[in-house]
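A.B. asks: What follows is a single structure, and I will ask about it in a moment.
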Amino acid sequence: MSPSRLRSTAVVSTAMLAVVGLLGACGGGDAAGAAGVARSDGRPVYGGTLTYLEHQPPTCLYLPAAGFYPNGGILNQITDKLTWQNPETLEIEPWIATKWEINKDATAYTFHLRDGVTFSDGTPVDADAVAANFDVYGLGDDKLKLPVAEFVNNYERSEVVDRLTVRFHFSKPSPGFLQGTSVIGAGLVSKKTLSLPYEQQCQLKNVIGSGPFTLKNQVVDKEVDLVARKDYDWAPPSSKHQGRAYLDEIKIIVTPEDNVRVGALTSGQADMVRYVQAYDEKTVRDAGFRVYAEPTRGVNNGLYLRPGNSILKDLDVRKALQAGTNAKEVVDTLFTPNYPVATSVLSHLAKGYVDLSKELAYDPAEAGSLLDRAGWVRGADGVREKDGRKLRLGVFVAGPQPLSKQTLELVGQQWAKLGVQLEIRPADSGTQAVDIKDAEKTPLQHSMVGRADQDVIKSQFHSENRDAILSHDEKLDRLLEEESAQPDEAKRNAKVGEIQRYVVDQGYVIPLFEEPQVYGAAPYVQGIAFEAVARPWFYSVWKSRR
Amino acid sequence: MVLLRVEVAAVTRYLLSRVGQAALVLWAAFTAGYLLLQLLPGDAILIKFQNPELGLSPGQIAEIRSYYAPGSPFLDYLRTLTGFLHGSFGYSIDTGTPVVERLGEALPETARLASAAFLLALVIAVVIAFAGSHSRTSWIRGALLSVPSLLVAVPAFWLGILLIQVFSFRLRLMPVIGGSELQQLVLPVLTLAVPVSAPIAQVLASSIDEVSTQPFVPVVAAKGASRWWILWRHVARNAVLPTMTVAGLTFGELVAGSVVTETVFGRNGIGRLTEQAVNAQDTPVLLAVVVLAAGAFVLVNLVVDLLFPVLDPRLRAAS
């Protein structure tokens with residue numbers, strides 16, 4: 001290593017550690033402590049293998065379906081995006097696009113691409129390839145069975161202006177599109193990948209990206225080995241680290257058992273793990289390891305009430321359940337300070353957030369009188385009844401949500417005091433797939449969505465998106481559409497505020513807490529970074545002497 | 001010479017009837033599996049495509065379904081059955097890979113685990129039963145012979161976690177992540193062997209007890225044979241037959257235990273494959289697993305039956 005290289009590496013490492021420190025500081029109490037440890041370590045070293053334990057195997061790796069964390073954890077390493085959302089400021093910064101222009105009403109976006117970027121199959125990342133990517137994400141492909149991506153709204157067509165300039169046209173204003181180009185699902189893949197039918201695009205071996213790592217080996221449902229691309233030289237310009245990744249390899253190993261993951265980490269068999277349960281955080285910290293609790297900045301973990309249900313169609317009942325649920329008790333009993341109590345339907349780090357903690361205050365007396373007013377009277381067994389029907393509501397345990405069963409059990413106890421029976425059903429995927437779209441069988445849903453853009457609230461509530469409440473509320477749909485087509489940032493935030501107020505007032509939601517993604521890592525793992533919605537980015541990670 | 005030919009013909013007839021039975025069992029397992037999977041609410045396509053991120057409407061999902069499985073359930077049944085007869089198990093709906101490929105990856109892993117666990121279980125069972133039966137001290141005997149009841153009550157899930165905690169995380173003797181294939185095998189084999197050894201030990205011990213009360217035992221003792229000689233040469237040989245039957249039946253235990261063991265240890269075998277396929281209602285994979293397990297069961301029982309006359313001259317004469 002030449003002296004000048006040495007010096008520049010030292011500068012890079014200092015700067016990078018500062019970035020890590022900042023990241024840590026916004027990641028909550030534990031990570032702030034972790035950043036303190038990171039400071040004392042030396043300059044980055046190249047080489048080594050990171051052993052990363054995943055909770056679940058990846059499913060379909062078709063890019064727009066990459067939101068599932070086990071998928072995102074892989075795709076974030078092998079694909080690049082047009083733009084980079086700075087996880088601290090949430091500003092959109094250049095990446096594969098060096099600059100862009102947006103017309104006044106946000107119906108035409110022009111991106112100027114970086115030259116010399118290639119996919120790992122050798123083909124160039126040029127205007128033609130980028131246009132092909134967004135044509136699929138924006139329009140889908142019936143012949144290849146490719147569905148449209150939820151992060152692209154009102155897409156009309158692409159236009160290749162020249163080799164490195166591409167323009168996208170929209171039928172209506174699409175202000176969320178710029179951020180949409182930075183999300184995990186907008187990873188760019190080679191035209192070879194795009195030409196394959198859905199089934200084939202689901203398979204990791206067919207996903208050819210331009211990212212800092214490529215697939216080396218996969219044992220389906222067990223292990224994914226990624227290897228650094230030696231010629232990678234197009235990291236986001238704001239990244240202090242440029243050139244190839246520090247690590248040589250990443251071994252992503254599926255380890256479903258919670259305590260095996262944590263034990264393997266603390267006994268030195270793994271370097272980093274995803275999904276540290278709230279009750280394991282202390283074990284990890286006490287062993288001298290770091291806990292990274294990354295916020296997901298979107299729609300909060302909560303119960304989503306379906307007004308189409310014959311009991312929940314009554315606003316008073318919905319408001320009663322909202323007032324009679326003690327979110328603070330849920331957090332205090334089951335979780336840690338890394339899971340802040342919800343103060344709105346959105347995370348306090350989400351764009352356009354408004355504080356509705358007053359409206360969401362726990363008030364069991366009010367809940368009781370609302371139920372009395374709605375005509376539900378206590379029966380002999382303590383459960384309220386009306387016209388011979390019990391006040392009984394069913395909910396599925398939500399597999400992806402942390403401690404969903406325990407959360408629902410605790411809420412069930414709180415509701416029992418009100419005279420409401422919560423029937424908690426195990427998440428058998430078949431029954432759930434059938435019943436979840438039926439408000440009568442599944443009157444409420446336990447869920448959340450992460451995305452650092454105003455559109456996240458549309459994703460959760462619009463009747464043509466995730467439709468968590470099986471909405472027939474035309475006003476809500478209209479508000480959401482206005483939000484997603486509002487080019488002015490301040491007006492858009494105001495609209496998001498109005499929507500939050502509306503869904504809380506209508507009792508469509510009982511927000512519980514702001515769900516983080518919690519990772520544990522060994523103290524010698526440096527440079528850990530996350531994208532805006534808490535998926536790990538291993539590009540700048542390196543291992544100091546153990 | 002004539003006699004030998006008659007014997008060969010008898011054995012052939014016996015084998016043919018067993019093969020016929022096996023085919024019937026396999027067909028029944030396939031059909032029952034197919035019907036039960038049809039009765040489950042939802043299906044693999046719905047589970048896979050109702051992912052809220054994909055935001056597909058019910059109409060679009062129906063379209064995808066027609067692309068996967070055109071025609072009536074009965075036609076589909078016939079088509080799948082024909083496929084199986086030709087050795088083609090179709091494609092996993094969940095992952096899109098050929099089922100044969102998935103089985104090919106998973107089968108060797110489970111075969112290694114299950115065969116090693118079975119051998120270890122035999123060793124544990126024989127040691128417990130012999131040591132218990134041989135012991136003259138009644139409390140040691142009582143204690144040893146109650147071990148199987150204890151072992152059968154140990155949940156594999158709990159045992160696996162306990163072994164990992166102690167040997168991997170505290171003593172750091174065996175890595176569960178990384179490490180050689182042998183290192184990766186030790187703890188899961190132990191986890192799986194313990195519950196499997198219990199019924200074998202129980203039956204072996206009680207057969208030894210039963211045989212020991214038979215009149216030929218005092219005769220042999222009167223001729224001056226040592227206790228150990230009697231146990232080993234005379235009692236055990238007679239006690240081994242019921243034990244073999246039970247050992248054959250523990251095959252089911254091995255398959256069921258591998259689901260838990262492979263999940264706890266993150267091994268990529270048939271058990272884990274089954275668990276995931278059940279979750280996703282991945283019918284082609286599940287059907288293949290059901291038929292595979294039934295086939296293995298039939299084979300194991302056939303081997304046990306064929307071994308009987310080899311081990312016991314009385315049965316040879318009878319047949």
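Ligands are numbered from 1 in the order shown, chains are lettered A, B, ... in the order of the structure tokens, and residues start at 1 in each chain.
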Please give the complete set of residues from region 305-506 of chain A that DSSP, run on the backbone, assigns to alpha helix (DSSP H), formatted as a ChimeraX atom specification.

C.D. replies: /A:315-323,327-334,364-373,404-418,429-435,456-461,474-484,489-505

A.B. asks: Compute the chain B side of the contact with chain A at 8 Å, counting only C-alpha atoms, and hand it back as number ranges by chain.

C.D. replies: B: 40-44, 46-47, 50, 52-57, 64, 94-96, 161, 164-165, 168-170, 172, 175-178, 263-268, 279-281

A.B. asks: In Å to one decimal, how far is CA of Gly33 (chain B) from CA of Ala288 (chain B)?

C.D. replies: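 These two atoms are separated by 9.6 Å.
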
A.B. asks: Which polymer residues have any atom within 9 Å of an atom of Asp312 (chain B), counting only C-alpha atoms, with same-chain residues fewer than 5 positions away left out, as number ranges by chain?

C.D. replies: B: 237-238, 241, 307

A.B. asks: Which residues, written as a count of residues only, have at least one atom at most 12 Å from Gln202 (chain B), with only C-alpha atoms counted and residues fewer than 4 positions away on the same chain left out?

C.D. replies: 32

A.B. asks: Extract the full set of strand (DSSP E or B) residues from region 315-465 of chain A according to DSSP on the backbone, and format it as a PyMOL selection string.

C.D. replies: chain A and resi 341+346+377-378+384-386+389-390+392-396+421-425+444-449

A.B. asks: Between A:Asp455, A:Glu423, A:Asp363, A:Glu156, single out the one closest to Asn493 (chain A), counting only C-alpha atoms.

C.D. replies: A:Asp455

A.B. asks: Please list as JSON, numbers by chain every residue within 9 Å of Gln322 (chain A), counting only C-alpha atoms and excluding residues in the same chain fewer than 5 positions away.

C.D. replies: {"A": [317, 360, 361, 362, 363, 367, 504, 507, 508, 509, 510, 511]}

A.B. asks: Please write the residues from the selection above to a file, keeping all heavy atoms, as an mmCIF file, in the first residue's frame.

C.D. replies:
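result.cif was written with the following content:
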```
data_model
loop_
_atom_site.group_PDB
_atom_site.id
_atom_site.type_symbol
_atom_site.label_atom_id
_atom_site.label_comp_id
_atom_site.auth_asym_id
_atom_site.auth_seq_id
_atom_site.Cartn_x
_atom_site.Cartn_y
_atom_site.Cartn_z
ATOM 1 N N VAL A 317 -68.033 1.898 18.426
ATOM 2 C CA VAL A 317 -67.297 0.684 18.830
ATOM 3 C C VAL A 317 -65.821 0.844 18.478
ATOM 4 O O VAL A 317 -64.938 0.543 19.282
ATOM 5 C CB VAL A 317 -67.893 -0.569 18.159
ATOM 6 C CG1 VAL A 317 -67.073 -1.811 18.491
ATOM 7 C CG2 VAL A 317 -69.340 -0.762 18.579
ATOM 8 N N LEU A 360 -55.179 9.960 21.024
ATOM 9 C CA LEU A 360 -54.987 8.524 21.208
ATOM 10 C C LEU A 360 -54.810 8.144 22.680
ATOM 11 O O LEU A 360 -54.406 7.024 22.988
ATOM 12 C CB LEU A 360 -53.778 8.045 20.400
ATOM 13 C CG LEU A 360 -53.960 8.082 18.879
ATOM 14 C CD1 LEU A 360 -52.631 7.888 18.154
ATOM 15 C CD2 LEU A 360 -54.951 7.014 18.429
ATOM 16 N N ALA A 361 -55.111 9.077 23.586
ATOM 17 C CA ALA A 361 -54.886 8.814 25.013
ATOM 18 C C ALA A 361 -55.726 7.621 25.482
ATOM 19 O O ALA A 361 -56.855 7.414 25.031
ATOM 20 C CB ALA A 361 -55.230 10.054 25.826
ATOM 21 N N TYR A 362 -55.146 6.873 26.430
ATOM 22 C CA TYR A 362 -55.829 5.697 26.982
ATOM 23 C C TYR A 362 -56.916 6.175 27.940
ATOM 24 O O TYR A 362 -56.645 6.908 28.886
ATOM 25 C CB TYR A 362 -54.802 4.830 27.713
ATOM 26 C CG TYR A 362 -55.391 3.634 28.435
ATOM 27 C CD1 TYR A 362 -56.206 2.718 27.771
ATOM 28 C CD2 TYR A 362 -55.095 3.406 29.781
ATOM 29 C CE1 TYR A 362 -56.729 1.624 28.428
ATOM 30 C CE2 TYR A 362 -55.614 2.294 30.449
ATOM 31 C CZ TYR A 362 -56.432 1.415 29.767
ATOM 32 O OH TYR A 362 -56.946 0.329 30.417
ATOM 33 N N ASP A 363 -58.160 5.779 27.702
ATOM 34 C CA ASP A 363 -59.267 6.255 28.526
ATOM 35 C C ASP A 363 -60.334 5.160 28.629
ATOM 36 O O ASP A 363 -61.334 5.169 27.909
ATOM 37 C CB ASP A 363 -59.847 7.532 27.884
ATOM 38 C CG ASP A 363 -60.885 8.191 28.788
ATOM 39 O OD1 ASP A 363 -61.289 7.558 29.800
ATOM 40 O OD2 ASP A 363 -61.294 9.330 28.485
ATOM 41 N N ALA A 367 -64.105 4.561 26.940
ATOM 42 C CA ALA A 367 -64.353 3.371 26.122
ATOM 43 C C ALA A 367 -65.620 2.668 26.587
ATOM 44 O O ALA A 367 -66.484 2.301 25.767
ATOM 45 C CB ALA A 367 -63.161 2.425 26.202
ATOM 46 N N VAL A 504 -57.473 8.391 12.372
ATOM 47 C CA VAL A 504 -57.572 8.258 13.830
ATOM 48 C C VAL A 504 -58.980 8.639 14.292
ATOM 49 O O VAL A 504 -59.603 7.919 15.075
ATOM 50 C CB VAL A 504 -56.490 9.112 14.525
ATOM 51 C CG1 VAL A 504 -56.759 9.227 16.019
ATOM 52 C CG2 VAL A 504 -55.106 8.492 14.301
ATOM 53 N N GLY A 507 -61.469 6.064 13.792
ATOM 54 C CA GLY A 507 -61.235 4.824 14.535
ATOM 55 C C GLY A 507 -60.832 3.674 13.626
ATOM 56 O O GLY A 507 -61.129 2.517 13.905
ATOM 57 N N TYR A 508 -60.139 3.980 12.522
ATOM 58 C CA TYR A 508 -59.690 2.918 11.623
ATOM 59 C C TYR A 508 -58.433 2.232 12.155
ATOM 60 O O TYR A 508 -58.039 1.177 11.666
ATOM 61 C CB TYR A 508 -59.372 3.473 10.229
ATOM 62 C CG TYR A 508 -60.588 3.887 9.425
ATOM 63 C CD1 TYR A 508 -60.493 4.869 8.441
ATOM 64 C CD2 TYR A 508 -61.829 3.272 9.633
ATOM 65 C CE1 TYR A 508 -61.595 5.248 7.696
ATOM 66 C CE2 TYR A 508 -62.933 3.657 8.886
ATOM 67 C CZ TYR A 508 -62.819 4.637 7.931
ATOM 68 O OH TYR A 508 -63.908 5.002 7.181
ATOM 69 N N VAL A 509 -57.793 2.877 13.113
ATOM 70 C CA VAL A 509 -56.498 2.359 13.543
ATOM 71 C C VAL A 509 -56.312 2.522 15.042
ATOM 72 O O VAL A 509 -56.761 3.506 15.646
ATOM 73 C CB VAL A 509 -55.351 3.060 12.774
ATOM 74 C CG1 VAL A 509 -55.449 4.562 12.914
ATOM 75 C CG2 VAL A 509 -53.986 2.591 13.254
ATOM 76 N N ILE A 510 -55.669 1.509 15.649
ATOM 77 C CA ILE A 510 -55.196 1.617 17.020
ATOM 78 C C ILE A 510 -53.677 1.488 16.945
ATOM 79 O O ILE A 510 -53.135 0.384 16.914
ATOM 80 C CB ILE A 510 -55.780 0.500 17.908
ATOM 81 C CG1 ILE A 510 -57.309 0.534 17.846
ATOM 82 C CG2 ILE A 510 -55.280 0.645 19.345
ATOM 83 C CD1 ILE A 510 -57.972 -0.645 18.523
ATOM 84 N N PRO A 511 -52.970 2.632 16.851
ATOM 85 C CA PRO A 511 -51.515 2.540 16.716
ATOM 86 C C PRO A 511 -50.910 2.032 18.028
ATOM 87 O O PRO A 511 -51.335 2.457 19.102
ATOM 88 C CB PRO A 511 -51.077 3.979 16.445
ATOM 89 C CG PRO A 511 -52.326 4.762 16.197
ATOM 90 C CD PRO A 511 -53.435 4.028 16.885
#
```
